[in-house]
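Everything below concerns the one structure shown next.
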Amino acid sequence: MCASVKYNIRGPALIPRMKTKHRIYYITLFSIVLLGLIATGMFQFWPHSIESSSDWSVQKRSIRDVPVVRLPADSPVPERGDLSCRMHTCFDVYRCGFNPKNKIKVYIYSLKKYVDDAGVPVSSTISQEYNELLTAVADSDYYTEDIARACLFIPSIDLLNQNALRVKETAQALAQLSRWDRGTNHLLFNMLPGGPPDYNTALDVPRDRALLAGGGFSTWTYRQGYDVSIPVYSPLSAEVDLPEKGPGPRRYFLLSSQMALHPEYREELAALQARHGEAALVLDKCTNLSEGIPAARKRCHKHQVFDYPQVLQEATFCVVLRGARLGQAVLSDVLRAGCIPVIIADSYILPFSEVLDWKRASVAVPEEKMSDVYSILQSIPQRQIEEMQRQARWFWEAYFQSIKAIALATLQIINDRIYPYAAISYEDWNDPPSVKWGSVSNPLFLPLIPPQSQGFTAIVLTYDRVESLFRVITEVSKVPSLSKLLVVWNNQNKNPPEDSLWPKIRVPLKVVRTAENKLSNRFFPYDEIETEAVLAIDDDIIMLTSDELQFGYEVWREFPDRLVGYPGRLHLWDHEMSKWKYESEWTNEVSMVLTGAAFYHKYFNYLYTYKMPGDIKNWVDAHMNCEDIAMNFLVANVTGKAVIKV
Amino acid sequence: MQSWRRKSLWLALLASWILVLLGLFPLLRLAVPTSPRAGAPRGWPRWLDAELLQSFAKPGELLEDGPRPPQALRGGSCNWGACFDTSKCRGGGLKVFVYPAAGPVSETRRRILASVEGSRYHTLSAAEACLLLLLSPDTSTGECDPVPPQWDGGRNHLVLSLHPAPCPRTFQLGQAMVAEASPTVDTFRPGFDVALPLLPEAHPLRGGAPGQLRQHSPRPGVALLALAEDGGRWHVAGTDFSACPWDGRCEQDRGPKQTHPGATLPNATFCLIPGRSPDVLHFLQALQAGCIPVLLSPRWELPFSEVIDWTKAAIVADERLPLQVLTALQEMPLTRVLALRQQTQFLWDAYFSSVEKVVHTTLEIIQDRIFGPSAHPSLLWNRPPGAILALPTFSPSPSDFPFYHLQQGSRPLGRFSALIWGGAPGQPPLKLIQAVAGSQHCAQILVLWSSEKPPPTRWPKTAVPLTVIDGHRKVSDRFFPYSAISTDAILSLDAHSSLSTSEVDFAFVVWQSFPERMVGFLTWSHFWDEARGGWGYTAKRTNEFSMVLTSAAFYHRYYHTLFTHSLPKALRTLADEAPTCVDVLMNFLVASVTKLPPIKVPYGMWHQEARPPPLEPGGPGLRQEPQPAAQNCINQMAAGFGHMPLVSSRLRLDPVLFKDPVSVLRKKYRSLEKP
């Protein structure tokens, strides 16, 4: 408002010199030019926005409107799956090219409705879960819209349930995909394979070289390192709200909740229950439920009715028996309840077994040994049981919980095969967050005493105290194990003394000039450092004798992963001030050593320079202080070990 | 009027300007990116009727998929559940019987036999065995064995062949498991067969050469790549490896070519090994050299892949993407390189360096399958000291072992049990018991009475419980895992030991920082005796030490389990016969596990001046100076272990203010400095 008032005053002051006619003329001209400009701008940019907004309208459409594709009866059918396929034979890795982010690119075919010659649909267009799965993939970093850049292709043909599709026609639909090429680099998702009467353990749809992410693989159909075994998603995961129940003893020791069991198995279970009474509970379908109660949510034992899946939380171990299919959705419910699954399904390839360590979360019992199940489980100590309960729940949270979790874990596994050097580690896959936080993995874990012959490199940080520096150099050069001396000249305004002025010593002496006067220059991993051991020493530490230094090096050799130094310091919690305090008095404990004279591994220089968390390094450089506390923190944080004071 | 019109005109103009500016800028911002807008939905459409979609399974379909009877065994295919009868292994765990060799025995075969016989699983009776081991004939004999007597369709049999079989088998494998070197991926049955490494002919029986890695990080300027060539040779490609074409050969000969196969190990950070099968020998060489194996699409199963997490020590890459692999290796973060290199050394040392280790690992894998839920967790296999030295029978929880506290974020228990070995006549060691019981960390005192004479009936009153255990009058008894030991730490003592409470307190605090090592007061050192051509050891005060006396030492109670259950019986018998040997044996054991020296803590001079009473032959006593006769035991131990595991140390750990010029009153362990 203010501005417009100003202009209002200024405007007339400028223009009065012109005649009114001219003024109107000018205004009109100006307006026309302006309008022209606007119009140009509009035409320049409008089409794109129109396009993207039309995209919007495409997104908001109905499944009933998807294009229909008619499959001629004689259209080609792919070969059956090739059992000898491995990543290096059947997978075209060239399509994945080089990607700096080490991430595969996944393309999803657009949704079509396939009908046969007679116009009868081949399958239901898409299920809720498959739609969710494709949405999850499309929302992830893996997704690409560019078919030419894609490394992996996911058909939008829903194969999750084999019973919901016609095998031959679906195969024909696969074969006519634009980049099919014998199924190379195509990923198919299936959770319920096979059909009556013999229930194959892998999808029956001929798929040639396509990778199969399948639920219920057996050792005979699973192509190790090629296929991915996935869980059978349990819709109860989304339907029922089941609060987490911590590990600990539960009411029932062993529970069976599956409804469709072969009589032979049921007999075995009944015998178990008879032998162990209250501790074992075998549930069955409810026969006399009143109308309106979903049968899927109730289980019965004799006349007692139990809520499912809530009852699973009452048991320590839950039986997951093979049905007609090896993969059972009940596994997901059981894990969610923190009940340890007892897998009785010989040859079943457990979900994501390529990366998940199922021994930590489940017990596998051979079908033959079913009668011994109770004694096998009883031999497991309580502590291990609690650990397994925790692990089971964590597996569900991370990999079973939603269709999205299943889809992303599958893609991650394939991604790790293609970029193995950037693969996720065993610990990342298997350790629950609480363990990840508490654990320290020492980067120098190998017990190793480096040979004495290697020696150490002394690094002297100096600014301009040349006299004192020369004394330090002379002193340090007397240490037998010194192999090189590096002077870090931190003064940009002054040149280091001429070569002839430096003390003559028996080891090579190198002067490194720095670009900026920063404290962190002391901890830079200079290429000149050829030994693992580094002695950081200030240019005024002249009181250490060569014996003291030599012994310090000997001590470092026996503790190469620690800081070995001379003056020690301690950190204390100040209760009055409620903060940490730095103690430099003579105390009975030390937690830090000053880096004015300390031995440590060169690797910590690399960590200090490149991996220091947060803004610590910049803070130290800005304040010209605290670099020794920063280094002590860094080493203690990565190794979990204390310093050694000599 | 005029001025009002003029004003309004200007106002209109101004307003239009503002409008244009306001309108244009957002438009500009919107229109600049030509690619689809970020944040806008892309890719898979959000269907309007997504809510109406059906679930993939009909209600009830997931719950009832048609029950099926237990499956009959599929012909020809075996898995663990179907083809191995674990009921035979109940009770005694894994018991292994080896078919005796018929006819002349080759060297390799003799080594395998010896290592099975030396293992804790060996049994002489085929009837009580749960695993029957059939050694596949090797090249030198050339004969093929007939079907063994207890064959039974191969059930519970393991056919072990360290070298590819030279002759076709005369019988069907049936249900037998196969342990063979570098099996092809296509025939290997995961979880049933065992993949072995391809060992060179001259692989040692025991001990074996240590890993070549002498420092944690690669030396600056060391070659990045070595390429495996035919005939067991390596071609070090130097730092400028781009000159090498991808087929594993370099046209210009840049690096020194090694002519003797296997004579030298590759000196590089990464070792490229093509996936063809003749190159598998390179794999072990690289492992030993600490050169990270980069396997290019291997067609063979990696050794012990069932339990070893090879992603921690090797890289399996695709041979079809050479440039990508090279770039990835060049750009690999130092932290990862460091971890991979160290892991190669650990694995080599734990599982591959000798025939014995390979055979024991194989048996350990099979035992793990039998154990089911109480098998080694993956952590025990893949972290030092490795699964052969970490017995799963000790505890199911890794934090009970002394080795995994860092990974588990746990700490050892803050108390110790004093285990006093006594049996000499006379008064109970009053002073010692009081000194030990005076420690704030002491949880209990156990007296292991090991004499024909009954123990004294009266024991001093102490603040902590005192229990007398009746021993079996054998020296090795003192390292038996008594169930009465309730703490992680054990303070092992002789009745004649002399210690002060301060010394005990400080030593225990030190042990808490090093729970996997022995922390002791009195030390011995070993040396190579040129004159006699053997090892010797001495109690003389030298600048180095490598053993601490178990007459006063802290260590983890796990070493009792290991001592009793994993050491070969022959070595324990040896220790029983020559009592001073038991110290050597315990130190050998701990050093072979930790690969580190024990720790020495301060010990008052005045203790040593009080001379002990004369030694009772065979009985417990203060074993100060090793007798000449016992000198030989160190050599027998070294032979039994296959190498000299002891490591020397040159330092002693003191309290922080030890001998510092501050007031004695400020020192925590002031009595340590008594003159």
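By convention in this document, the chains of the structure tokens carry letters A, B, ... by their order, each chain's residues are numbered from 1, and ligands are numbered from 1 in the order they are shown.
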Practice prompt. Identify every residue of chain A that has at least one atom within 6 Å of any atom of chain B, counting only C-alpha atoms, and report the result as JSON, numbers by chain.
Written response: {"A": [45, 59, 60, 61, 62, 127, 128, 135, 138, 260, 261, 262, 323, 324, 346, 366, 438, 439, 440, 441, 446, 450, 588]}
Writer output for current selection, C-alpha atoms, as a short mmCIF file (atom, residue, chain, number, x, y, z; two decimals), in the first residue's frame:
```cif
data_model
loop_
_atom_site.label_atom_id
_atom_site.label_comp_id
_atom_site.auth_asym_id
_atom_site.auth_seq_id
_atom_site.Cartn_x
_atom_site.Cartn_y
_atom_site.Cartn_z
CA PHE A 45 5.12 -21.83 -20.90
CA GLN A 59 -4.22 -40.25 -12.91
CA LYS A 60 -7.77 -39.83 -11.79
CA ARG A 61 -9.39 -42.51 -13.79
CA SER A 62 -11.29 -45.64 -13.18
CA SER A 127 -6.32 -56.93 -7.03
CA GLN A 128 -6.17 -54.46 -4.22
CA THR A 135 1.94 -48.02 -6.12
CA ALA A 138 6.15 -46.37 -8.30
CA ALA A 260 -7.33 -76.49 7.52
CA LEU A 261 -5.01 -79.21 8.66
CA HIS A 262 -4.74 -82.68 7.36
CA GLY A 323 -1.01 -76.90 4.05
CA ALA A 324 -1.50 -77.71 0.44
CA ASP A 346 10.07 -79.61 4.95
CA PRO A 366 11.18 -81.67 10.31
CA GLY A 438 23.63 -50.40 21.43
CA SER A 439 26.28 -52.16 19.43
CA VAL A 440 29.68 -50.89 18.47
CA SER A 441 31.60 -52.45 15.65
CA LEU A 446 41.30 -57.95 13.97
CA PRO A 450 51.81 -54.60 14.00
CA ASN A 588 42.31 -41.96 39.62
#
```
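Separating CA of Ser256 in chain A from CA of Pro432 in chain A is a distance of 26.6 Å.
The neighbours of Val635 in chain A here are the residues that come within 8 Å of it, using only C-alpha atoms and leaving out any residue fewer than 3 positions away in the same chain; they are A:Arg562, A:Leu563, A:Phe604, A:Met631, A:Asn632, A:Val638, A:Thr639, A:Gly640, A:Lys641.
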Item to complete: Report as number ranges by chain: the residues of range 288-353 of chain A with a DSSP assignment of strand (DSSP E), based on the backbone of this structure.
Response: A: 298-301, 304-307, 315-321, 340-344
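The two atoms in question, CA of Cys339 in chain A and CA of Lys302 in chain A, are spaced 22.7 Å apart.
Reported to one decimal place, the separation of CA of Phe395 in chain A from CA of Leu326 in chain A is 19.0 Å.
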Discussion item. So that I can check the surroundings of Glu132 in chain A, please list as number ranges by chain every protein, DNA and RNA residue that reaches within 9 Å of it, counting only C-alpha atoms and ignoring chain neighbours fewer than 5 positions away.
Written reply: A: 127, 137, 403-404
Suppose we keep C-alpha atoms; can you now write the selection as a PDB file, in the first residue's frame?
```pdb
ATOM      1  CA  SER A 127      -6.323 -56.933  -7.026  1.00  0.00           C
ATOM      2  CA  VAL A 137       7.186 -49.443  -6.332  1.00  0.00           C
ATOM      3  CA  ILE A 403       2.555 -54.948   0.835  1.00  0.00           C
ATOM      4  CA  LYS A 404       4.890 -51.992   0.537  1.00  0.00           C
TER       5      LYS A 404
END
```
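In this comparison, which uses only C-alpha atoms, the residue of A:Leu83, A:Met259, A:Ile529, A:Leu187 approaching Ala295 in chain A most closely is A:Met259.
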Fill in: Among the residues A:Ile343, A:His22, A:Ala173, A:Val120, the one that comes closest to Lys359 in chain A [using only C-alpha atoms]
A:Ile343
Worksheet item: What lies within 10 Å of range 634-641 of chain B using only C-alpha atoms, ignoring chain neighbours under 2 positions off, as an MDAnalysis selection string?
Response: chainID B and resid 206:208 526 534:537 567:568 570:572 574:575 580:581 584:585 588:589 592 630:632 643:646
Could those residues be written to a file, using C-alpha atoms, as a PDB file, in the first residue's frame?
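Everything below was put into part00.pdb:
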```pdb
ATOM      1  CA  ARG B 206      47.335 -78.530  12.060  1.00  0.00           C
ATOM      2  CA  GLY B 207      48.003 -74.922  12.879  1.00  0.00           C
ATOM      3  CA  GLY B 208      48.829 -73.722   9.436  1.00  0.00           C
ATOM      4  CA  HIS B 526      58.784 -68.206  26.130  1.00  0.00           C
ATOM      5  CA  GLY B 534      63.028 -76.074  20.474  1.00  0.00           C
ATOM      6  CA  TRP B 535      60.912 -73.775  22.541  1.00  0.00           C
ATOM      7  CA  GLY B 536      61.760 -72.983  26.084  1.00  0.00           C
ATOM      8  CA  TYR B 537      60.320 -70.797  28.778  1.00  0.00           C
ATOM      9  CA  LEU B 567      41.170 -79.375  23.968  1.00  0.00           C
ATOM     10  CA  PRO B 568      42.393 -82.726  22.662  1.00  0.00           C
ATOM     11  CA  ALA B 570      46.155 -85.976  24.813  1.00  0.00           C
ATOM     12  CA  LEU B 571      47.106 -82.460  25.785  1.00  0.00           C
ATOM     13  CA  ARG B 572      45.089 -82.560  28.967  1.00  0.00           C
ATOM     14  CA  LEU B 574      50.063 -84.298  29.354  1.00  0.00           C
ATOM     15  CA  ALA B 575      49.177 -81.490  31.730  1.00  0.00           C
ATOM     16  CA  THR B 580      53.673 -77.072  35.535  1.00  0.00           C
ATOM     17  CA  CYS B 581      52.377 -77.826  32.067  1.00  0.00           C
ATOM     18  CA  VAL B 584      51.424 -73.466  29.748  1.00  0.00           C
ATOM     19  CA  LEU B 585      48.398 -75.228  28.367  1.00  0.00           C
ATOM     20  CA  PHE B 588      48.311 -71.619  24.960  1.00  0.00           C
ATOM     21  CA  LEU B 589      44.560 -72.032  24.859  1.00  0.00           C
ATOM     22  CA  SER B 592      45.181 -69.300  20.448  1.00  0.00           C
ATOM     23  CA  ALA B 630      58.858 -79.681  32.283  1.00  0.00           C
ATOM     24  CA  GLN B 631      60.637 -77.574  29.704  1.00  0.00           C
ATOM     25  CA  ASN B 632      59.779 -80.220  27.204  1.00  0.00           C
ATOM     26  CA  HIS B 643      52.006 -73.754  15.961  1.00  0.00           C
ATOM     27  CA  MET B 644      53.196 -71.467  18.722  1.00  0.00           C
ATOM     28  CA  PRO B 645      50.182 -69.397  19.733  1.00  0.00           C
ATOM     29  CA  LEU B 646      51.845 -67.378  22.485  1.00  0.00           C
TER      30      LEU B 646
END
```
Worksheet entry | Surrounding residues of Tyr308 in chain A excluding itself and chain neighbours under 4 positions, 9 Å, only C-alpha atoms, as number ranges by chain | A: 257, 296-299, 312
Discussion item. Which residues are close to Leu188 in chain A, i.e. within 10 Å by only C-alpha atoms, leaving aside same-chain residues fewer than 4 positions away? Reply as a PyMOL selection string.
Written reply: chain A and resi 153-160+174+183+203+207+210-214+227-228
Practice prompt. List every residue of range 265-391 of chain A that DSSP, applied to the backbone of this structure, assigns to helix (DSSP H, G or I), and report them as a PyMOL selection string.
Written response: chain A and resi 265-279+295-297+310-314+330-336+358-360+367-378+382-391
Resulting file, chosen residues, C-alpha atoms, as a PDB file, in the first residue's frame:
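Full text of out19.pdb as output:
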```pdb
ATOM      1  CA  TYR A 265      -1.387 -83.609  11.478  1.00  0.00           C
ATOM      2  CA  ARG A 266      -4.402 -82.823  13.582  1.00  0.00           C
ATOM      3  CA  GLU A 267      -4.121 -86.175  15.272  1.00  0.00           C
ATOM      4  CA  GLU A 268      -0.508 -85.510  16.080  1.00  0.00           C
ATOM      5  CA  LEU A 269      -1.394 -82.122  17.527  1.00  0.00           C
ATOM      6  CA  ALA A 270      -4.261 -83.569  19.520  1.00  0.00           C
ATOM      7  CA  ALA A 271      -1.883 -86.123  20.955  1.00  0.00           C
ATOM      8  CA  LEU A 272       0.460 -83.306  21.934  1.00  0.00           C
ATOM      9  CA  GLN A 273      -2.334 -81.500  23.673  1.00  0.00           C
ATOM     10  CA  ALA A 274      -3.396 -84.627  25.481  1.00  0.00           C
ATOM     11  CA  ARG A 275       0.138 -85.105  26.755  1.00  0.00           C
ATOM     12  CA  HIS A 276       0.802 -81.569  27.865  1.00  0.00           C
ATOM     13  CA  GLY A 277      -2.625 -80.383  28.902  1.00  0.00           C
ATOM     14  CA  GLU A 278      -2.971 -76.676  29.496  1.00  0.00           C
ATOM     15  CA  ALA A 279       0.387 -75.724  28.046  1.00  0.00           C
ATOM     16  CA  ALA A 295     -15.269 -66.937  10.710  1.00  0.00           C
ATOM     17  CA  ALA A 296     -11.757 -65.776   9.921  1.00  0.00           C
ATOM     18  CA  ARG A 297     -11.568 -63.905  13.206  1.00  0.00           C
ATOM     19  CA  GLN A 310      -5.412 -61.887  19.542  1.00  0.00           C
ATOM     20  CA  VAL A 311      -5.065 -65.431  20.877  1.00  0.00           C
ATOM     21  CA  LEU A 312      -1.657 -65.700  19.219  1.00  0.00           C
ATOM     22  CA  GLN A 313      -0.335 -63.179  21.713  1.00  0.00           C
ATOM     23  CA  GLU A 314      -1.093 -65.630  24.484  1.00  0.00           C
ATOM     24  CA  VAL A 330      -0.594 -67.402   9.261  1.00  0.00           C
ATOM     25  CA  LEU A 331       3.184 -66.918   9.468  1.00  0.00           C
ATOM     26  CA  SER A 332       2.665 -63.193   9.205  1.00  0.00           C
ATOM     27  CA  ASP A 333       0.004 -63.151  11.950  1.00  0.00           C
ATOM     28  CA  VAL A 334       2.187 -65.254  14.214  1.00  0.00           C
ATOM     29  CA  LEU A 335       5.221 -63.020  13.816  1.00  0.00           C
ATOM     30  CA  ARG A 336       3.101 -59.991  14.454  1.00  0.00           C
ATOM     31  CA  TRP A 358      15.408 -67.226  10.405  1.00  0.00           C
ATOM     32  CA  LYS A 359      17.258 -69.164  13.063  1.00  0.00           C
ATOM     33  CA  ARG A 360      17.001 -66.053  15.199  1.00  0.00           C
ATOM     34  CA  GLU A 367       7.733 -83.104   9.577  1.00  0.00           C
ATOM     35  CA  GLU A 368       8.935 -86.492  10.721  1.00  0.00           C
ATOM     36  CA  LYS A 369       9.858 -85.082  14.110  1.00  0.00           C
ATOM     37  CA  MET A 370       6.481 -83.541  14.764  1.00  0.00           C
ATOM     38  CA  SER A 371       5.810 -85.710  17.765  1.00  0.00           C
ATOM     39  CA  ASP A 372       9.013 -84.434  19.403  1.00  0.00           C
ATOM     40  CA  VAL A 373       8.155 -80.824  18.869  1.00  0.00           C
ATOM     41  CA  TYR A 374       7.400 -80.171  22.507  1.00  0.00           C
ATOM     42  CA  SER A 375      10.658 -81.499  23.863  1.00  0.00           C
ATOM     43  CA  ILE A 376      12.648 -79.705  21.163  1.00  0.00           C
ATOM     44  CA  LEU A 377      11.051 -76.420  22.162  1.00  0.00           C
ATOM     45  CA  GLN A 378      11.477 -77.052  25.851  1.00  0.00           C
ATOM     46  CA  GLN A 382      14.110 -68.639  28.387  1.00  0.00           C
ATOM     47  CA  ARG A 383      16.574 -65.906  27.443  1.00  0.00           C
ATOM     48  CA  GLN A 384      16.805 -67.202  23.932  1.00  0.00           C
ATOM     49  CA  ILE A 385      13.020 -67.428  23.736  1.00  0.00           C
ATOM     50  CA  GLU A 386      12.662 -63.772  24.618  1.00  0.00           C
ATOM     51  CA  GLU A 387      15.284 -62.855  22.075  1.00  0.00           C
ATOM     52  CA  MET A 388      13.409 -64.805  19.419  1.00  0.00           C
ATOM     53  CA  GLN A 389      10.090 -63.203  20.341  1.00  0.00           C
ATOM     54  CA  ARG A 390      11.616 -59.791  19.907  1.00  0.00           C
ATOM     55  CA  GLN A 391      13.169 -60.834  16.632  1.00  0.00           C
TER      56      GLN A 391
END
```
